[in-house]
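This is entry-v9.cif. It holds mmCIF, C-alpha atoms.
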data_input
loop_
_atom_site.label_atom_id
_atom_site.label_comp_id
_atom_site.auth_asym_id
_atom_site.auth_seq_id
_atom_site.Cartn_x
_atom_site.Cartn_y
_atom_site.Cartn_z
CA MET A 864 -45.14 -1.84 -22.10
CA HIS A 865 -43.26 -0.77 -25.24
CA PHE A 866 -39.57 -1.49 -24.80
CA LEU A 867 -38.60 0.45 -27.92
CA SER A 868 -40.22 3.41 -29.65
CA PRO A 869 -42.15 2.70 -32.87
CA VAL A 870 -39.54 4.76 -34.73
CA LEU A 871 -36.70 2.59 -33.43
CA GLU A 872 -38.64 -0.61 -34.11
CA ALA A 873 -39.16 0.54 -37.70
CA TYR A 874 -35.45 1.33 -37.99
CA LEU A 875 -34.54 -2.18 -36.79
CA ALA A 876 -36.82 -3.74 -39.39
CA ASP A 877 -35.59 -1.44 -42.16
CA ASN A 878 -31.99 -2.40 -41.43
CA SER A 879 -32.59 -6.13 -41.17
CA GLN A 880 -33.13 -8.66 -43.95
CA GLU A 881 -36.26 -7.98 -45.99
CA GLU A 882 -39.38 -9.95 -45.10
CA PRO A 883 -40.10 -12.58 -47.81
CA THR A 884 -43.14 -11.89 -50.02
CA LEU A 885 -44.97 -15.01 -48.83
CA LEU A 886 -44.69 -13.86 -45.22
CA GLN A 887 -45.94 -10.41 -46.17
CA GLU A 888 -49.01 -12.07 -47.67
CA LEU A 889 -49.51 -14.19 -44.54
CA THR A 890 -49.21 -11.10 -42.35
CA ARG A 891 -51.91 -9.29 -44.34
CA GLU A 892 -54.30 -12.24 -44.27
CA THR A 893 -53.74 -12.81 -40.55
CA HIS A 894 -54.63 -9.18 -39.79
CA LEU A 895 -57.71 -9.35 -42.01
CA LYS A 896 -59.14 -12.70 -40.92
CA VAL A 897 -57.75 -13.89 -37.58
CA ILE A 898 -58.39 -12.58 -34.08
CA GLN A 899 -55.44 -11.31 -32.01
CA PRO A 900 -53.11 -10.63 -34.97
CA ARG A 901 -50.57 -9.17 -32.51
CA MET A 902 -49.70 -12.80 -31.77
CA LEU A 903 -48.01 -12.94 -35.17
CA THR A 904 -44.23 -13.24 -34.93
CA GLY A 905 -43.66 -10.36 -37.35
CA HIS A 906 -40.87 -9.13 -39.59
CA PHE A 907 -38.01 -8.40 -37.17
CA GLN A 908 -38.39 -11.39 -34.86
CA GLY A 909 -39.12 -13.59 -37.86
CA ARG A 910 -35.76 -12.69 -39.39
CA VAL A 911 -34.11 -13.42 -36.02
CA LEU A 912 -35.69 -16.89 -36.00
CA SER A 913 -34.68 -17.47 -39.60
CA LEU A 914 -31.06 -16.51 -39.01
CA LEU A 915 -30.78 -18.57 -35.82
CA SER A 916 -32.18 -21.57 -37.66
CA LYS A 917 -29.74 -21.09 -40.52
CA ILE A 918 -26.83 -20.89 -38.07
CA ILE A 919 -27.97 -24.07 -36.29
CA ASN A 920 -28.93 -25.84 -39.56
CA PRO A 921 -31.24 -28.28 -37.76
CA LYS A 922 -32.46 -31.58 -39.13
CA TYR A 923 -35.40 -31.68 -36.74
CA ILE A 924 -37.33 -28.69 -35.38
CA LEU A 925 -40.21 -28.72 -32.90
CA GLU A 926 -42.53 -25.74 -32.60
CA ILE A 927 -45.11 -25.50 -29.82
CA GLY A 928 -47.73 -22.97 -30.93
CA THR A 929 -48.31 -22.61 -34.68
CA TYR A 930 -50.88 -19.79 -34.85
CA THR A 931 -51.09 -18.97 -38.59
CA GLY A 932 -47.71 -20.50 -39.45
CA TYR A 933 -45.46 -17.44 -39.71
CA SER A 934 -42.79 -18.56 -37.25
CA ALA A 935 -42.78 -22.10 -38.66
CA LEU A 936 -42.00 -20.74 -42.11
CA CYS A 937 -39.19 -18.61 -40.68
CA LEU A 938 -37.64 -21.52 -38.80
CA ALA A 939 -37.97 -23.79 -41.84
CA GLU A 940 -35.58 -21.55 -43.76
CA GLY A 941 -32.67 -23.17 -41.88
CA LEU A 942 -33.81 -26.79 -42.19
CA GLN A 943 -31.55 -29.39 -43.73
CA LYS A 944 -32.83 -30.65 -47.10
CA ASP A 945 -33.98 -33.94 -45.57
CA GLY A 946 -35.15 -32.32 -42.32
CA GLU A 947 -38.57 -31.95 -40.74
CA LEU A 948 -40.35 -29.30 -38.73
CA HIS A 949 -43.11 -30.57 -36.43
CA THR A 950 -45.50 -27.85 -35.29
CA ILE A 951 -48.23 -28.29 -32.68
CA ASP A 952 -51.31 -26.17 -32.09
CA VAL A 953 -54.52 -26.74 -30.17
CA ASN A 954 -56.67 -24.69 -32.58
CA ALA A 955 -57.91 -26.84 -35.47
CA GLU A 956 -59.64 -23.84 -37.09
CA LEU A 957 -56.32 -22.46 -38.37
CA GLU A 958 -55.00 -25.75 -39.76
CA GLY A 959 -56.22 -25.08 -43.31
CA MET A 960 -54.71 -21.60 -43.44
CA GLN A 961 -51.39 -22.89 -42.12
CA ARG A 962 -51.31 -25.69 -44.70
CA ARG A 963 -52.11 -23.34 -47.56
CA TYR A 964 -49.10 -21.14 -46.80
CA PHE A 965 -46.86 -24.11 -45.98
CA ASP A 966 -47.61 -25.59 -49.39
CA LYS A 967 -46.89 -22.25 -51.10
CA SER A 968 -43.40 -22.28 -49.57
CA ASP A 969 -40.32 -24.26 -50.55
CA TYR A 970 -40.68 -26.45 -47.45
CA GLY A 971 -44.25 -27.78 -47.70
CA PRO A 972 -43.53 -31.53 -47.46
CA GLN A 973 -41.13 -30.92 -44.56
CA LEU A 974 -43.71 -29.11 -42.41
CA ILE A 975 -45.75 -31.55 -40.33
CA GLN A 976 -48.80 -30.31 -38.45
CA HIS A 977 -50.14 -31.72 -35.19
CA ILE A 978 -53.46 -30.60 -33.72
CA GLY A 979 -54.09 -31.11 -30.03
CA ASN A 980 -52.53 -30.69 -26.61
CA ALA A 981 -48.75 -30.40 -26.95
CA LEU A 982 -48.25 -32.12 -23.58
CA ASP A 983 -49.95 -35.21 -25.01
CA ILE A 984 -48.35 -35.04 -28.47
CA ILE A 985 -44.68 -34.41 -27.57
CA PRO A 986 -44.15 -37.81 -25.86
CA THR A 987 -45.43 -39.58 -29.01
CA LEU A 988 -42.72 -38.02 -31.21
CA ASP A 989 -39.80 -40.44 -31.40
CA ILE A 990 -37.38 -37.73 -32.52
CA THR A 991 -34.38 -35.92 -31.07
CA PHE A 992 -34.80 -32.24 -31.90
CA ASP A 993 -31.98 -29.85 -32.74
CA LEU A 994 -34.12 -26.73 -32.34
CA ILE A 995 -37.27 -26.17 -30.28
CA PHE A 996 -39.45 -23.05 -30.25
CA ILE A 997 -41.91 -22.64 -27.36
CA ASP A 998 -44.65 -20.10 -28.06
CA ALA A 999 -47.97 -21.38 -26.74
CA GLU A 1000 -49.93 -21.27 -23.47
CA LYS A 1001 -47.70 -19.35 -21.05
CA LYS A 1002 -49.05 -21.13 -17.97
CA GLN A 1003 -47.73 -24.39 -19.44
CA TYR A 1004 -44.19 -23.23 -20.23
CA ASP A 1005 -42.60 -25.21 -17.40
CA ALA A 1006 -44.55 -28.33 -18.40
CA TYR A 1007 -43.50 -27.89 -22.04
CA LEU A 1008 -39.87 -27.62 -20.98
CA GLU A 1009 -40.03 -30.83 -18.98
CA LYS A 1010 -41.60 -32.65 -21.94
CA VAL A 1011 -39.09 -31.43 -24.52
CA LEU A 1012 -35.85 -31.87 -22.58
CA PRO A 1013 -35.86 -35.67 -23.04
CA LYS A 1014 -36.18 -35.01 -26.79
CA THR A 1015 -32.92 -33.04 -26.99
CA ARG A 1016 -29.20 -33.73 -27.22
CA SER A 1017 -26.11 -31.80 -26.20
CA GLY A 1018 -26.08 -28.72 -28.42
CA SER A 1019 -29.83 -28.59 -28.99
CA VAL A 1020 -31.28 -25.08 -28.74
CA ILE A 1021 -34.55 -24.17 -27.02
CA LEU A 1022 -36.15 -20.80 -27.78
CA SER A 1023 -38.85 -19.46 -25.46
CA ASP A 1024 -41.01 -16.56 -26.64
CA ASN A 1025 -42.86 -13.77 -24.76
CA VAL A 1026 -40.77 -14.22 -21.62
CA LEU A 1027 -40.93 -10.49 -20.76
CA TRP A 1028 -44.74 -10.59 -21.00
CA SER A 1029 -45.25 -6.94 -21.93
CA GLY A 1030 -42.98 -5.89 -19.07
CA LYS A 1031 -45.15 -7.49 -16.39
CA VAL A 1032 -42.17 -9.52 -15.17
CA VAL A 1033 -40.62 -6.34 -13.72
CA GLU A 1034 -43.83 -4.85 -12.33
CA PRO A 1035 -45.46 -5.55 -8.94
CA LEU A 1036 -47.08 -8.98 -9.25
CA ASP A 1037 -50.86 -9.16 -9.15
CA PRO A 1038 -51.64 -12.30 -7.09
CA LYS A 1039 -54.39 -13.16 -9.58
CA ASP A 1040 -52.01 -13.00 -12.56
CA LYS A 1041 -51.08 -16.66 -12.93
CA ALA A 1042 -49.36 -16.27 -16.32
CA THR A 1043 -46.86 -13.69 -15.04
CA LYS A 1044 -46.20 -15.76 -11.91
CA VAL A 1045 -45.44 -18.82 -14.05
CA LEU A 1046 -43.16 -16.86 -16.38
CA LEU A 1047 -41.20 -15.38 -13.47
CA ALA A 1048 -40.54 -18.88 -12.15
CA TYR A 1049 -39.80 -20.18 -15.65
CA ASN A 1050 -37.25 -17.45 -16.39
CA LYS A 1051 -35.51 -18.14 -13.10
CA LYS A 1052 -35.55 -21.88 -13.76
CA LEU A 1053 -33.95 -21.47 -17.20
CA SER A 1054 -31.21 -19.20 -15.87
CA ASN A 1055 -30.31 -21.68 -13.11
CA HIS A 1056 -30.98 -24.97 -14.89
CA PRO A 1057 -28.00 -27.36 -14.59
CA LEU A 1058 -28.56 -28.76 -18.10
CA LEU A 1059 -28.88 -25.41 -19.88
CA GLU A 1060 -26.85 -22.35 -20.85
CA THR A 1061 -29.30 -19.46 -21.14
CA VAL A 1062 -29.45 -15.84 -22.21
CA LEU A 1063 -32.63 -13.75 -22.23
CA LEU A 1064 -32.73 -11.42 -25.21
CA PRO A 1065 -34.85 -8.20 -25.25
CA ILE A 1066 -36.21 -9.01 -28.70
CA ARG A 1067 -39.83 -7.91 -29.14
CA ASP A 1068 -41.62 -9.35 -26.08
CA GLY A 1069 -38.57 -11.25 -24.86
CA LEU A 1070 -36.91 -14.29 -26.44
CA THR A 1071 -34.85 -16.69 -24.34
CA LEU A 1072 -32.09 -18.67 -26.01
CA SER A 1073 -31.10 -21.83 -24.14
CA ARG A 1074 -28.48 -24.38 -25.22
CA VAL A 1075 -28.49 -27.91 -23.85
CA LYS A 1076 -25.10 -28.73 -22.33
#
Now, as a test, write the supplied structure out as structure tokens.
Amino acid sequence: MHFLSPVLEAYLADNSQEEPTLLQELTRETHLKVIQPRMLTGHFQGRVLSLLSKIINPKYILEIGTYTGYSALCLAEGLQKDGELHTIDVNAELEGMQRRYFDKSDYGPQLIQHIGNALDIIPTLDITFDLIFIDAEKKQYDAYLEKVLPKTRSGSVILSDNVLWSGKVVEPLDPKDKATKVLLAYNKKLSNHPLLETVLLPIRDGLTLSRVK
């Protein structure tokens, strides 16, 4: 499902901050060399992530789901000078590409990669995170949330991506569609969670903004 026409999407991008040159290069290489390039965060949502990070000015960021590193680079734009961004991905094949672009940026030493299952890695991080971005296996979203909440403080922000799931969340549910079923429950859980203030934003494929009370 396309929520906005291509013309309107282009207008939004044209009237938002310009995409940095490094991210343009990463976009091109991702489309040329990596399968499922539609997973890339992209210009408009990337500028949203950048601006949110700059407003929050986090010292510690956690990202679950690195892909080729685009969203990590966007989020890093708001990091404090002595801050760190920890990004986790299960796919070791993309680690070298991520690192190459991280090191081309102004934030290379601050970007720390973790390869493996996020549910195993998160408990090993002895850090309280100011900003968390969840963008990995949709069937694990609830499990990710439960793992990250103990790593937050009052005022921490949790962003959850793809929560509209191409519009499937408002279509008749296919009993075999486990991902949509999980996301429906996850969206409801966030909106009713006693520890969170939440708003679901119709940005790209849906981006939920939750603040820890």
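In this structure, atom CA of A:Leu1053 sits 7.5 Å away from atom CA of A:Ser1073.
Take atom CA of A:Gly959 and atom CA of A:Thr931: the distance between them is 9.3 Å.
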*Gap from atom CA of A:Lys1010 to atom CA of A:Leu982 - Å, one decimal*: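 The value is 6.9 Å.
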*asked:* With the PyMOL selection byres ((chain A and resi 1016) around 10) as the selection, what would be picked from this file? Answer as a list of chain:residue names, please.
replied: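 Here the PyMOL selection byres ((chain A and resi 1016) around 10) matches A:Thr991, A:Phe992, A:Asp993, A:Leu994, A:Leu1012, A:Pro1013, A:Lys1014, A:Thr1015, A:Ser1017, A:Gly1018, A:Ser1019, A:Val1020, A:Arg1074, A:Val1075, A:Lys1076.
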*Best match for closeness to A:Glu940 among A:Phe996, A:Pro883, A:Val870, A:Leu889, counting all atoms listed in the file*: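 Closest to A:Glu940, using all atoms listed in the file: A:Pro883.
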_Can you pull out the residues contacting A:Tyr964? Cut-off 10 Å, using only C-alpha atoms, and skip same-chain residues under 5 positions away; I want them as an MDAnalysis selection string._
chainID A and resid 885:886 888:889 931:933 936 959 970:971
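Distance annotation: of A:Leu957, A:Ala876, A:Val911, A:Leu948, the residue with the minimal separation from A:Thr893 is A:Leu957; atom set is all atoms listed in the file.
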*asked:* Could you tell me, as a ChimeraX atom specification, exactly which residues end up selected when the PyMOL selection byres ((chain A and resi 905) around 12) is applied to this structure?
replied: /A:872-873,876,881-883,886-891,893-894,900-904,906-913,931-937,1066-1068
_Top pick for closest residue to A:Arg962, considering A:Ser868, A:Thr987, A:Thr929, A:Gln943 and counting all atoms listed in the file_ = A:Thr929
_Neighbour list for A:Leu1070 as a ChimeraX atom specification, cut-off 8 Å, only C-alpha atoms, skip fewer than 2 positions in-chain_ = /A:1022-1027,1063-1068,1072
Edge lengths and centre in Å, axis-aligned, stretch 966-975 of chain A plus 5 Å each side, as lines of an AutoDock Vina configuration file:
center_x = -44.0
center_y = -26.9
center_z = -45.7
size_x = 17.3
size_y = 19.3
size_z = 20.8
Report the residues retrieved by the PyMOL selection byres ((chain A and resi 944) around 10) from the displayed file, expressed as a JSON list (two decimals) with C-alpha atoms, in the frame of the given file.
[["chain", "number", "residue", "atom", "x", "y", "z"],
["A", 920, "ASN", "CA", -28.93, -25.84, -39.56],
["A", 921, "PRO", "CA", -31.24, -28.28, -37.76],
["A", 922, "LYS", "CA", -32.46, -31.58, -39.13],
["A", 941, "GLY", "CA", -32.67, -23.17, -41.88],
["A", 942, "LEU", "CA", -33.81, -26.79, -42.19],
["A", 943, "GLN", "CA", -31.55, -29.39, -43.73],
["A", 945, "ASP", "CA", -33.98, -33.94, -45.57],
["A", 946, "GLY", "CA", -35.15, -32.32, -42.32],
["A", 947, "GLU", "CA", -38.57, -31.95, -40.74],
["A", 970, "TYR", "CA", -40.68, -26.45, -47.45],
["A", 973, "GLN", "CA", -41.13, -30.92, -44.56]]
*Considering all atoms listed in the file, return as a list in words whatever protein or nucleic-acid residues lie within 8 Å of A:Asn954, sequence-local ones (same chain, fewer than 6 positions apart) excluded.*
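Listing them by chain and then by number gives Tyr930, Ile978 and Gly979 of chain A.
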Got a sec: who's within 6 Å of A:Ile995, counting only C-alpha atoms, leaving out chain neighbours fewer than 6 positions off, as an mmCIF file with C-alpha atoms, in the coordinates of the input?
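Below is the file that was written, around.cif:
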data_model
loop_
_atom_site.group_PDB
_atom_site.id
_atom_site.type_symbol
_atom_site.label_atom_id
_atom_site.label_comp_id
_atom_site.auth_asym_id
_atom_site.auth_seq_id
_atom_site.Cartn_x
_atom_site.Cartn_y
_atom_site.Cartn_z
ATOM 1 C CA ILE A 924 -37.330 -28.690 -35.380
ATOM 2 C CA LEU A 925 -40.210 -28.720 -32.900
ATOM 3 C CA GLU A 926 -42.530 -25.740 -32.600
ATOM 4 C CA ILE A 1021 -34.550 -24.170 -27.020
#
*Which one is closest to A:Val1032: A:Gly1069, A:Lys1052, A:Tyr1007, A:Lys917? Count all atoms listed in the file.*
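Among A:Gly1069, A:Lys1052, A:Tyr1007, A:Lys917, it is A:Gly1069 that comes nearest to A:Val1032.
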